[in-house]
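Notes follow the structure.
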Amino acid sequence: MLERTRASIESSRIISRNGYPYLINPLMDGIPRMDPEILAEVTDRIMEISDLDCDLILAPEAMAIPLATAVSLKTHIPYCVIRKRPYGCEGEIPIEEVTGYSRNRMYINDISPGEKVVIIDDVISTGGTLKSIVEAVRQRGCVITDVIVAVNKSKDLESVSDMVGIRVKAVIDVHIENGKAVCTH
């Protein structure tokens, strides 16, 4: 299971971004080009581990979009993108995006109180961005039924889940060892 995904991640190039080891892979960056079989493997696994009893899939821009799109096509659940720029729509929610190497703003639109929401993301490291998303969605009065990430780069997903306030499920766990990506899940 996940053989192509594992091989793709383990052969990924790693660069330094402000001292942060950044893994370049199609699942998280859209480069190099995405093998449709890998997208299918990851999407199938997302569907296996998810509670998709929801009204909406939320996906942070950019690389969660292909994942949410694929799940949406298979389940007929609509999805909405958390964007990196404001649109000024009524009810738009600004949030802070905090990654291991940057800090930006993101914007959530088109969620309504009482909706059941699943969050799908491409990668988690520190959980900072996800924590902001979860807090904003809950403050809007939505119920988060599940959180799934394709790639877990955190050292302790249980601690990240505790910080975020909901169990985060991962398709595959990755850590950097001697300058190489190693999959452990």
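Residues in the structure tokens are numbered from 1 in each chain, the chains being A, B, ... in the order shown, and ligands are numbered from 1 in the order shown.
With only C-alpha atoms taken into account, the protein and nucleic acid residues at most 9 Å from Val143 (chain A) (excluding it and anything under 2 positions from it in its own chain) are Cys54, Pro113, Gly114, Glu115, Lys116, Val117, Val118, Val137, Arg138, Gly141 and Thr145 of chain A.
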Can you tell me, as a ChimeraX atom specification, which residues in region 5-112 of chain A count as strand (DSSP E or B) by DSSP? /A:13-17,20-24,56-60,79-83,93-98,103-108
Close residues, region 166-177 of chain A itself excluded, 6 Å, only C-alpha atoms, min 5 positions apart in chain, as a JSON list (two decimals) with C-alpha atoms, in the first residue's frame:
```json
[["chain", "number", "residue", "atom", "x", "y", "z"],
["A", 147, "VAL", "CA", -8.83, 16.48, 9.79],
["A", 148, "ILE", "CA", -6.65, 14.60, 7.35],
["A", 149, "VAL", "CA", -3.21, 15.44, 6.00],
["A", 150, "ALA", "CA", -1.44, 13.61, 3.22],
["A", 151, "VAL", "CA", 2.05, 14.00, 4.71],
["A", 152, "ASN", "CA", 2.88, 14.25, 8.40],
["A", 153, "LYS", "CA", 6.29, 15.84, 8.99],
["A", 161, "SER", "CA", -3.45, 16.95, 17.58],
["A", 182, "VAL", "CA", 12.26, 8.54, 5.25],
["A", 183, "CYS", "CA", 8.65, 7.28, 5.34],
["A", 184, "THR", "CA", 7.59, 5.48, 8.49],
["A", 185, "HIS", "CA", 3.87, 4.84, 7.98]]
```
Please identify all polymer residues within 9 Å of region 106-109 of chain A, counting only C-alpha atoms, omitting same-chain residues fewer than 2 positions from it, and present them as a PyMOL selection string. chain A and resi 58+60-61+80-87+89-97+104+111+133+136-137
Only C-alpha atoms, please: the residues just picked out, written as a tab-separated table (two decimals), in the first residue's frame.
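What follows is the written file selection-v3.tsv:
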```tsv
chain	number	residue	atom	x	y	z
A	58	LEU	CA	-12.11	22.73	3.38
A	60	PRO	CA	-5.92	25.32	2.30
A	61	GLU	CA	-4.34	26.73	-0.83
A	80	CYS	CA	-14.02	25.25	-0.64
A	81	VAL	CA	-10.47	26.60	-0.76
A	82	ILE	CA	-8.90	28.58	2.07
A	83	ARG	CA	-7.19	31.28	0.02
A	84	LYS	CA	-3.97	33.19	0.50
A	85	ARG	CA	-5.55	36.50	-0.51
A	86	PRO	CA	-8.70	38.30	0.57
A	87	TYR	CA	-11.76	38.57	-1.61
A	89	CYS	CA	-16.77	38.59	0.61
A	90	GLU	CA	-19.34	38.93	3.36
A	91	GLY	CA	-18.35	36.77	6.31
A	92	GLU	CA	-14.74	36.29	5.15
A	93	ILE	CA	-12.55	35.09	8.03
A	94	PRO	CA	-8.88	36.17	8.08
A	95	ILE	CA	-6.47	33.77	9.81
A	96	GLU	CA	-2.74	33.63	10.46
A	97	GLU	CA	-0.82	30.97	8.53
A	104	ASN	CA	1.20	34.86	6.20
A	111	ILE	CA	-18.78	28.44	5.65
A	133	ILE	CA	-7.99	27.14	10.70
A	136	ALA	CA	-11.69	30.03	13.01
A	137	VAL	CA	-14.00	27.29	11.71
```
Closest of A:Val71, A:Val160, A:Ile24, A:Val134 to Ser50 (chain A) - atom-to-atom distances counting only C-alpha atoms: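 Comparing A:Val71, A:Val160, A:Ile24, A:Val134 against Ser50 (chain A), the winner is A:Val71.
Excluding Lys74 (chain A) and any residue on its chain fewer than 5 positions from it, the residues at most 12 Å away by only C-alpha atoms are Ala40, Thr43, Asp44, Ile46, Met47, Leu52, Leu67, Ala68, Thr69 and Tyr79 of chain A.
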Could you write out the selected residues, including N, CA and C atoms, as a short mmCIF file (atom, residue, chain, number, x, y, z; two decimals), in the first residue's frame?
```
data_model
loop_
_atom_site.label_atom_id
_atom_site.label_comp_id
_atom_site.auth_asym_id
_atom_site.auth_seq_id
_atom_site.Cartn_x
_atom_site.Cartn_y
_atom_site.Cartn_z
N ALA A 40 -3.99 9.05 -6.89
CA ALA A 40 -5.02 8.04 -6.64
C ALA A 40 -4.75 7.27 -5.35
N THR A 43 -5.46 9.66 -2.41
CA THR A 43 -6.89 9.93 -2.32
C THR A 43 -7.64 8.71 -1.77
N ASP A 44 -7.30 7.53 -2.28
CA ASP A 44 -7.94 6.31 -1.78
C ASP A 44 -7.70 6.14 -0.28
N ILE A 46 -6.97 8.55 1.90
CA ILE A 46 -7.74 9.58 2.60
C ILE A 46 -9.17 9.10 2.82
N MET A 47 -9.76 8.52 1.80
CA MET A 47 -11.14 8.06 1.90
C MET A 47 -11.27 6.88 2.88
N LEU A 52 -16.15 11.06 6.46
CA LEU A 52 -16.64 12.02 5.47
C LEU A 52 -18.13 12.29 5.60
N LEU A 67 -6.08 17.34 -3.72
CA LEU A 67 -6.57 16.28 -2.83
C LEU A 67 -8.07 16.45 -2.58
N ALA A 68 -8.48 17.68 -2.25
CA ALA A 68 -9.90 17.95 -1.99
C ALA A 68 -10.74 17.74 -3.25
N THR A 69 -10.20 18.12 -4.39
CA THR A 69 -10.91 17.93 -5.66
C THR A 69 -11.16 16.45 -5.92
N TYR A 79 -16.35 21.25 -2.05
CA TYR A 79 -15.18 21.72 -1.32
C TYR A 79 -15.03 23.22 -1.52
#
```
Mind pulling up the distance from CA of Lys155 (chain A) to CA of Gly30 (chain A)? 23.9 Å
With distances taken over only C-alpha atoms, the candidate from A:Met63, A:Pro32, A:Pro26, A:Glu41 nearest Glu3 (chain A) is A:Glu41
So how far away is CA of Gly127 (chain A) from CA of Ile38 (chain A), in Å?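 Separation of CA of Ile38 (chain A) and CA of Gly127 (chain A): 24.2 Å.
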Expected answer as a PyMOL selection string: helix (DSSP H, G or I) residues in chain A: chain A and resi 3-10+26-29+36-49+64-75+128-139+157-164
Select, from A:Ile31, A:Ser12, A:Val98, A:Leu56, the residue with the minimum atom-to-atom distance to Ser112 (chain A), counting only C-alpha atoms. A:Leu56
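Note that the spacing between CA of Ile120 (chain A) and CA of Ile57 (chain A) amounts to 6.9 Å.
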Neighbouring residues of Arg4 (chain A) were defined as those with any atom within 10 Å, considering only C-alpha atoms; residues of the same chain fewer than 3 positions away were excluded. Please report them as a list of chain:residue names. A:Met1, A:Ala7, A:Ser8, A:Ile9, A:Glu10, A:Asp35, A:Glu37, A:Ile38, A:Leu39, A:Glu41, A:Val42
